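S.K.: Here's a structure for you.
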Amino acid sequence: MAVGGALPRSDGKDYPGNMTVFVFLACLVASSGGLIFGYDIGISGGVTSMDPFLIRFFPSVYAKEQEVVDTNQYCKFDSVLLTLFTSSLYLAALVASLFASVITRKCGRKMTMLGGAVTFLVGAILNGFAVNIAMLIIGRILLGIGVGFSNQAVPLYLSEMAPAKMRGMLNISFQLMITVGILAANLINYFTAKISGGWGWRISLGLAAVPAVIMAGGSLFLPDTPNSLVARGKEEEARAMLRRIRGTPDIELEYDDLIAASEASKVIDNPWKTLLERRYRPQLAMAILIPTLQQLTGINVVMFYAPVLFKTIGFGGTASLMSSVISGGVNMVATFVSIATVDRLGRRKLLLEGGCQMIIAQFVLGTLILIKFGTDGVASISRSYAIGVVFCICVFVSAFAWSWGPLGWLVPSEIFPLEIRSAAQSMVVVFNMAFTFIIAQIFLMMLCRLKFGLFYFFGFCELLMTAFVYFFLPETKGIPIEEMDRIWARHWYWKRFVDSGSSNRKVQMTSNAV
């Protein structure tokens, strides 16, 4: 069963084939890797706002939280240990992604996802049964290794399996699963916080095992991509898989392009060194800047510190968790906007609109907090004012969810040629996790010192990133992956780095796999 028409080639011809149900189901299963990342983002902030958890592991933070209302609300959660608990995962993911690059290239995307899921499962069990800070941190590190492996492999898998005309929609299923994980975590936190006896946090942390089991089980049944099979010398398996995922026996044009891309990659001994060559300067810049700028939107501050943030501006404990449930729901629903429009409107329009919307939301939010809390951080907040703050956060979250959220993973995964693909995707994960770690580590300190100005800071970052998209990011919609070189050769700035007439890639490759 298949839908759609033939797949496009830039030379005016079309790849025979269709969007098959098999591809759709394979991508749906693979995208469950986003669940483990999303669940962790959502669960961390909720658990760190639960009093029994703070009493057991962070008593000094709990004591500061219980101080009278005229305490500076900006600084009440500023704790090195508390931020280390949250951010240690991202440092581990950063390191793990470097090793995942080698495993992805040598063993395939499927085995990398399976390894990540099993490691995440062990970390979830450790966290659920933690009796001291050491167990918590070790568990978080194992969770981070799992996240690093899955974030390296899943976007590549999705883009390699998808036809060019539907690559955006299928790849964004990864981000959709992240939002589902965040929402599920927020809901679980809301209900476990009400458990008498003070052990609800164990359920919240331990249930991270559920998305890990889903991903591990799914990985066992997933096929590997034709691109990965060809790269590992399994040409006949790749040919058979290509026939199956395209729903037609007439796959020779696409298969020949995969072989050509593989031959070009085999002459590369060190993809990391190759990535630094001048001709790959556009891809290197995007591998660094897109994930970095994605984190400088401030989204992870909102998502994994949402309950703490809401508590800081005067919401009660349960109210803060419910507010994060609302923002998590908006995040998931808004992602469907991107799924529905990314292959029709393109990447640039969504990024530009989302950027402008986030800028407005951040400056309005910062002003609302300035008016109420000023610089001393002492105030109470009314119900109507609280609703206004939640509304601004939801406007911000929705903009991110249909722009920089999904496209921050989609665009890098579709612009790298095969010879540098694994290394470049690891670079994306490294910078994504590095800046997630940095921001997670310093957010509570920045909130204490910059106060309402923190939101202006992120608003200014979003102004810069929107300008970056406008001037430096070409449109990639509908272009077969192995032909992405032509978008750089035509770009007003990047063309100076790309010699389209004498590229070392001496073959014309028009595969529509990433």
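Identifiers in this document derive from the order of the structure tokens: chains are assigned A, B, ..., residues are numbered from 1 separately in each chain, and ligands are numbered from 1 in order of occurrence.
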I'd like the neighbourhood of A:Glu160 as a ChimeraX atom specification, where a residue qualifies if any of its atoms comes within 12 Å (using only C-alpha atoms), though same-chain residues fewer than 4 positions away should be ignored.
M.R.: /A:23,26-27,30,108-109,153-156,164,166-168,170-171,223-229,241-242,245-246,258,410,413-418,421,480-482,511-514
S.K.: List the neighbours of A:Ala130 out to 12 Å using only C-alpha atoms; skip same-chain residues closer than 2 positions along the sequence, and give me the result as a list in words.
M.R.: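 Returned residues: Phe53, Arg56, Phe57, Gly123, Ala124, Ile125, Leu126, Asn127, Gly128, Asn132, Ile133, Ala134, Met135, Leu136, Ile137, Ile138, Gly139, Arg140, Trp199, Trp201, Arg202, Ile203, Leu205 and Gly206 of chain A.
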S.K.: Find the spatial neighbours of stretch 259-261 of chain A, counting only C-alpha atoms, within a cut-off of 7 Å - ignore same-chain residues fewer than 2 positions away - and output them as a PyMOL selection string.
M.R.: chain A and resi 230+255-257+263-265+418+507+509
S.K.: Give me the residues within 9 Å of A:Thr104 as a PyMOL selection string, counting only C-alpha atoms and dropping any in the same chain fewer than 6 places off.
M.R.: chain A and resi 110-113+149+152-153+228+422
S.K.: With only C-alpha atoms as the basis for distance, which of A:Leu368, A:Arg486, A:Ser87, A:Ala401 is at the shortest distance from A:Gly388?
M.R.: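 Ranked by minimum distance to A:Gly388, first place goes to A:Leu368.
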S.K.: What's the 12 Å shell around A:Leu207, counting only C-alpha atoms, without same-chain residues fewer than 3 positions away, as a compact mmCIF listing (two decimals) with all heavy atoms, in the first residue's frame?
M.R.:
# COMPACT_ATOMS: atom_id res chain seq x y z
N LEU A 35 10.87 10.07 22.61
CA LEU A 35 10.16 9.94 23.89
C LEU A 35 11.12 10.01 25.07
O LEU A 35 10.82 10.64 26.09
CB LEU A 35 9.40 8.62 23.94
CG LEU A 35 8.11 8.50 23.12
CD1 LEU A 35 7.58 7.08 23.19
CD2 LEU A 35 7.06 9.49 23.60
N ILE A 36 12.28 9.34 24.95
CA ILE A 36 13.19 9.32 26.10
C ILE A 36 13.77 10.71 26.37
O ILE A 36 13.93 11.12 27.52
CB ILE A 36 14.30 8.27 25.93
CG1 ILE A 36 15.25 8.62 24.78
CG2 ILE A 36 13.71 6.89 25.70
CD1 ILE A 36 16.46 7.69 24.70
N TYR A 39 10.75 12.90 27.71
CA TYR A 39 10.35 12.55 29.07
C TYR A 39 11.33 13.11 30.09
O TYR A 39 10.94 13.63 31.13
CB TYR A 39 10.26 11.03 29.22
CG TYR A 39 9.67 10.60 30.55
CD1 TYR A 39 8.30 10.49 30.72
CD2 TYR A 39 10.50 10.34 31.64
CE1 TYR A 39 7.76 10.11 31.94
CE2 TYR A 39 9.97 9.97 32.87
CZ TYR A 39 8.60 9.85 33.01
OH TYR A 39 8.06 9.50 34.23
N ASP A 40 12.62 13.03 29.77
CA ASP A 40 13.61 13.54 30.71
C ASP A 40 13.51 15.06 30.86
O ASP A 40 13.64 15.59 31.97
CB ASP A 40 15.01 13.15 30.28
CG ASP A 40 16.04 13.59 31.30
OD1 ASP A 40 16.17 12.92 32.34
OD2 ASP A 40 16.67 14.63 31.08
N ILE A 43 10.43 15.65 33.05
CA ILE A 43 10.39 15.09 34.40
C ILE A 43 11.31 15.83 35.36
O ILE A 43 11.01 15.96 36.56
CB ILE A 43 10.74 13.58 34.37
CG1 ILE A 43 9.91 12.83 35.43
CG2 ILE A 43 12.23 13.33 34.60
CD1 ILE A 43 8.45 12.76 35.11
N PHE A 120 19.67 3.92 28.60
CA PHE A 120 18.69 4.79 29.23
C PHE A 120 17.85 4.01 30.24
O PHE A 120 17.51 4.51 31.32
CB PHE A 120 17.79 5.39 28.15
CG PHE A 120 16.94 6.54 28.64
CD1 PHE A 120 17.39 7.84 28.55
CD2 PHE A 120 15.67 6.32 29.17
CE1 PHE A 120 16.62 8.91 28.98
CE2 PHE A 120 14.88 7.36 29.61
CZ PHE A 120 15.35 8.67 29.52
N LEU A 121 17.51 2.76 29.92
CA LEU A 121 16.72 1.92 30.82
C LEU A 121 17.45 1.70 32.14
O LEU A 121 16.84 1.80 33.23
CB LEU A 121 16.43 0.58 30.13
CG LEU A 121 15.68 -0.47 30.96
CD1 LEU A 121 14.32 0.04 31.39
CD2 LEU A 121 15.54 -1.76 30.16
N VAL A 122 18.74 1.40 32.08
CA VAL A 122 19.52 1.19 33.30
C VAL A 122 19.55 2.48 34.14
O VAL A 122 19.40 2.45 35.37
CB VAL A 122 20.94 0.73 32.97
CG1 VAL A 122 21.79 0.61 34.23
CG2 VAL A 122 20.92 -0.60 32.23
N GLY A 123 19.72 3.61 33.48
CA GLY A 123 19.74 4.89 34.20
C GLY A 123 18.42 5.18 34.87
O GLY A 123 18.37 5.70 36.00
N ALA A 124 17.31 4.86 34.22
CA ALA A 124 15.99 5.08 34.79
C ALA A 124 15.79 4.25 36.05
O ALA A 124 15.23 4.71 37.06
CB ALA A 124 14.90 4.75 33.77
N ILE A 125 16.25 3.00 36.02
CA ILE A 125 16.13 2.12 37.19
C ILE A 125 16.95 2.66 38.35
O ILE A 125 16.48 2.70 39.51
CB ILE A 125 16.57 0.69 36.82
CG1 ILE A 125 15.59 0.09 35.80
CG2 ILE A 125 16.65 -0.19 38.06
CD1 ILE A 125 16.05 -1.23 35.22
N LEU A 126 18.17 3.11 38.08
CA LEU A 126 19.01 3.68 39.13
C LEU A 126 18.35 4.90 39.76
O LEU A 126 18.34 5.07 40.99
CB LEU A 126 20.37 4.07 38.56
CG LEU A 126 21.48 3.02 38.58
CD1 LEU A 126 22.75 3.60 37.97
CD2 LEU A 126 21.75 2.53 39.99
N ASN A 127 17.81 5.79 38.95
CA ASN A 127 17.17 6.99 39.48
C ASN A 127 15.94 6.67 40.31
O ASN A 127 15.68 7.29 41.34
CB ASN A 127 16.80 7.94 38.33
CG ASN A 127 17.92 8.85 37.93
OD1 ASN A 127 17.78 9.68 37.03
ND2 ASN A 127 19.07 8.74 38.58
N GLY A 128 15.15 5.70 39.85
CA GLY A 128 13.94 5.35 40.58
C GLY A 128 14.22 4.78 41.96
O GLY A 128 13.41 4.96 42.88
N PHE A 129 15.37 4.10 42.12
CA PHE A 129 15.72 3.49 43.41
C PHE A 129 16.81 4.27 44.15
O PHE A 129 17.39 3.76 45.11
CB PHE A 129 16.18 2.05 43.19
CG PHE A 129 15.07 1.11 42.81
CD1 PHE A 129 14.84 0.79 41.48
CD2 PHE A 129 14.24 0.57 43.78
CE1 PHE A 129 13.81 -0.08 41.12
CE2 PHE A 129 13.21 -0.29 43.44
CZ PHE A 129 12.98 -0.61 42.10
N GLY A 181 6.63 13.09 25.04
CA GLY A 181 7.36 12.73 26.25
C GLY A 181 7.31 13.82 27.31
O GLY A 181 7.15 13.54 28.50
N ALA A 184 3.70 13.89 28.75
CA ALA A 184 3.49 12.73 29.62
C ALA A 184 4.20 12.93 30.96
O ALA A 184 3.64 12.64 32.03
CB ALA A 184 3.99 11.46 28.94
N ALA A 185 5.42 13.44 30.91
CA ALA A 185 6.18 13.68 32.15
C ALA A 185 5.49 14.72 33.02
O ALA A 185 5.41 14.56 34.25
CB ALA A 185 7.60 14.13 31.80
N ILE A 188 2.46 13.12 34.65
CA ILE A 188 2.89 12.19 35.70
C ILE A 188 3.34 12.96 36.93
O ILE A 188 3.00 12.61 38.08
CB ILE A 188 3.99 11.26 35.17
CG1 ILE A 188 3.39 10.26 34.17
CG2 ILE A 188 4.68 10.51 36.32
CD1 ILE A 188 4.42 9.50 33.38
N ASN A 189 4.12 14.02 36.74
CA ASN A 189 4.56 14.84 37.87
C ASN A 189 3.37 15.43 38.63
O ASN A 189 3.37 15.49 39.86
CB ASN A 189 5.46 15.98 37.38
CG ASN A 189 6.88 15.53 37.13
OD1 ASN A 189 7.35 14.55 37.71
ND2 ASN A 189 7.59 16.23 36.26
N THR A 192 1.85 12.43 40.64
CA THR A 192 2.73 11.82 41.65
C THR A 192 3.05 12.79 42.78
O THR A 192 3.36 12.36 43.89
CB THR A 192 4.04 11.32 41.02
OG1 THR A 192 4.71 12.41 40.35
CG2 THR A 192 3.78 10.20 40.03
N GLY A 200 6.38 9.93 45.61
CA GLY A 200 5.92 10.09 44.23
C GLY A 200 7.03 10.39 43.25
O GLY A 200 6.95 10.00 42.07
N TRP A 201 8.09 11.06 43.72
CA TRP A 201 9.21 11.38 42.83
C TRP A 201 9.87 10.12 42.29
O TRP A 201 10.43 10.13 41.19
CB TRP A 201 10.24 12.26 43.56
CG TRP A 201 10.85 11.63 44.77
CD1 TRP A 201 10.42 11.72 46.06
CD2 TRP A 201 12.02 10.81 44.81
NE1 TRP A 201 11.23 11.01 46.91
CE2 TRP A 201 12.23 10.44 46.17
CE3 TRP A 201 12.91 10.34 43.84
CZ2 TRP A 201 13.29 9.63 46.56
CZ3 TRP A 201 13.98 9.54 44.24
CH2 TRP A 201 14.15 9.19 45.57
N ARG A 202 9.83 9.02 43.08
CA ARG A 202 10.43 7.76 42.60
C ARG A 202 9.67 7.23 41.38
O ARG A 202 10.28 6.72 40.43
CB ARG A 202 10.43 6.72 43.72
CG ARG A 202 11.38 7.02 44.85
CD ARG A 202 11.53 5.81 45.76
NE ARG A 202 12.41 6.11 46.88
CZ ARG A 202 13.75 6.03 46.84
NH1 ARG A 202 14.34 5.68 45.71
NH2 ARG A 202 14.47 6.31 47.90
N ILE A 203 8.35 7.37 41.41
CA ILE A 203 7.56 6.92 40.26
C ILE A 203 7.89 7.78 39.04
O ILE A 203 8.06 7.26 37.93
CB ILE A 203 6.05 7.00 40.60
CG1 ILE A 203 5.71 6.02 41.72
CG2 ILE A 203 5.22 6.70 39.35
CD1 ILE A 203 4.26 6.06 42.14
N SER A 204 7.97 9.09 39.26
CA SER A 204 8.28 9.99 38.15
C SER A 204 9.60 9.64 37.49
O SER A 204 9.70 9.54 36.25
CB SER A 204 8.32 11.44 38.65
OG SER A 204 7.04 11.89 39.03
N VAL A 210 9.76 3.29 30.86
CA VAL A 210 8.73 2.94 29.88
C VAL A 210 9.12 3.36 28.46
O VAL A 210 9.11 2.54 27.54
CB VAL A 210 7.37 3.54 30.29
CG1 VAL A 210 6.33 3.30 29.20
CG2 VAL A 210 6.90 2.93 31.62
N PRO A 211 9.46 4.66 28.21
CA PRO A 211 9.89 5.00 26.85
C PRO A 211 11.15 4.28 26.43
O PRO A 211 11.34 4.00 25.23
CB PRO A 211 10.10 6.52 26.90
CG PRO A 211 10.25 6.86 28.34
CD PRO A 211 9.41 5.86 29.08
N ALA A 212 12.01 3.92 27.39
CA ALA A 212 13.23 3.17 27.04
C ALA A 212 12.87 1.77 26.53
O ALA A 212 13.45 1.28 25.55
CB ALA A 212 14.15 3.07 28.26
N VAL A 213 11.91 1.13 27.20
CA VAL A 213 11.48 -0.20 26.76
C VAL A 213 10.80 -0.12 25.38
O VAL A 213 11.01 -0.98 24.52
CB VAL A 213 10.52 -0.82 27.80
CG1 VAL A 213 9.84 -2.07 27.24
CG2 VAL A 213 11.26 -1.16 29.07
N ILE A 214 9.99 0.91 25.17
CA ILE A 214 9.34 1.10 23.87
C ILE A 214 10.38 1.23 22.75
O ILE A 214 10.28 0.60 21.70
CB ILE A 214 8.42 2.34 23.90
CG1 ILE A 214 7.23 2.09 24.84
CG2 ILE A 214 7.93 2.69 22.49
CD1 ILE A 214 6.37 3.32 25.06
S.K.: Mind checking which residues fall within 12 Å of A:Pro474, counting only C-alpha atoms, ignoring those fewer than 6 positions away in the same chain, and posting them as an NGL selection string?
M.R.: :A and (282-283 or 286 or 346-349 or 351 or 411 or 415 or 468 or 484-495)
S.K.: Output C-alpha atoms for every residue in that selection, as a PDB file, in the first residue's frame.
M.R.:
ATOM      1  CA  PRO A 282      28.522  25.699   4.947  1.00  0.00           C
ATOM      2  CA  GLN A 283      27.668  22.308   6.476  1.00  0.00           C
ATOM      3  CA  MET A 286      25.129  24.845  10.161  1.00  0.00           C
ATOM      4  CA  GLY A 346       9.294  25.233   3.516  1.00  0.00           C
ATOM      5  CA  ARG A 347      11.796  25.546   6.330  1.00  0.00           C
ATOM      6  CA  ARG A 348      12.661  29.240   6.071  1.00  0.00           C
ATOM      7  CA  LYS A 349       9.113  30.595   6.407  1.00  0.00           C
ATOM      8  CA  LEU A 351      11.760  29.587  11.114  1.00  0.00           C
ATOM      9  CA  VAL A 411      17.611  20.859   8.670  1.00  0.00           C
ATOM     10  CA  ILE A 415      22.169  18.812   4.483  1.00  0.00           C
ATOM     11  CA  PHE A 468      20.826  34.446  10.648  1.00  0.00           C
ATOM     12  CA  MET A 484      22.091  19.551  -1.395  1.00  0.00           C
ATOM     13  CA  ASP A 485      25.427  20.851  -2.685  1.00  0.00           C
ATOM     14  CA  ARG A 486      23.570  22.926  -5.269  1.00  0.00           C
ATOM     15  CA  ILE A 487      21.827  25.094  -2.636  1.00  0.00           C
ATOM     16  CA  TRP A 488      25.209  26.224  -1.309  1.00  0.00           C
ATOM     17  CA  ALA A 489      26.611  26.800  -4.800  1.00  0.00           C
ATOM     18  CA  ARG A 490      23.730  29.223  -5.524  1.00  0.00           C
ATOM     19  CA  HIS A 491      23.767  31.061  -2.199  1.00  0.00           C
ATOM     20  CA  TRP A 492      25.093  34.620  -2.183  1.00  0.00           C
ATOM     21  CA  TYR A 493      27.522  33.937   0.682  1.00  0.00           C
ATOM     22  CA  TRP A 494      28.211  30.188   0.780  1.00  0.00           C
ATOM     23  CA  LYS A 495      29.013  29.898  -2.928  1.00  0.00           C
TER      24      LYS A 495
END
S.K.: Using only C-alpha atoms, which of the listed residues (A:Leu275, A:Arg281, A:Thr367, A:Asn186) sits closest to A:Arg496?
M.R.: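 Of A:Leu275, A:Arg281, A:Thr367, A:Asn186, the one nearest A:Arg496 is A:Arg281, counting only C-alpha atoms.
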S.K.: Report the distance between atom CA of A:Ala216 and atom CA of A:Gln295 in Å, rounded to one decimal place.
M.R.: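 Going from atom CA of A:Ala216 over to atom CA of A:Gln295, I get 27.5 Å.
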S.K.: Choose the residue, out of A:Ala100, A:Ala424, A:Ile371, A:Ile360, that has the smallest atom-to-atom separation from A:Thr274; count only C-alpha atoms.
M.R.: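 Looking at the shortest contact to A:Thr274, the residue is A:Ala424.
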S.K.: I need the residue nearest A:Ala334 from this list: A:Leu464, A:Leu91, A:Met215, A:Val395. Use only C-alpha atoms for the distance.
M.R.: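 So, comparing all the options, the nearest one is A:Val395.
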S.K.: When DSSP works through the backbone of this structure, what residues of stretch 247-302 of chain A end up as alpha helix (DSSP H), shown as a count of residues only?
M.R.: 39
S.K.: For the atom pair atom CA of A:Leu220 and atom CA of A:Gly116, what is the interatomic distance in Å to one decimal place?
M.R.: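 Atom-to-atom, atom CA of A:Leu220 to atom CA of A:Gly116, that is 12.5 Å.
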S.K.: Any idea what's packed within 6 Å of A:Phe452, counting only C-alpha atoms, ignoring anything in its chain fewer than 3 positions away? Could you give it as JSON, numbers by chain?
M.R.: {"A": [366, 369, 370, 455]}
S.K.: Go ahead and save the picked residues with C-alpha atoms, as a compact mmCIF listing (two decimals), in the first residue's frame.
M.R.:
# COMPACT_ATOMS: atom_id res chain seq x y z
CA GLY A 366 10.12 39.96 30.69
CA ILE A 369 7.75 40.11 35.40
CA LEU A 370 9.51 43.49 35.63
CA PHE A 455 13.93 37.03 29.23
S.K.: Report the distance between atom CA of A:Ile442 and atom CA of A:Thr292 in Å, rounded to one decimal place.
M.R.: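 Interatomic distance, atom CA of A:Ile442 to atom CA of A:Thr292: 15.5 Å.
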S.K.: Let me make sure I understand: among A:Val498, A:Ala440, A:Met332, A:Leu176, which one has the smallest atom-to-atom distance to A:Gly298 if we use only C-alpha atoms?
M.R.: A:Ala440
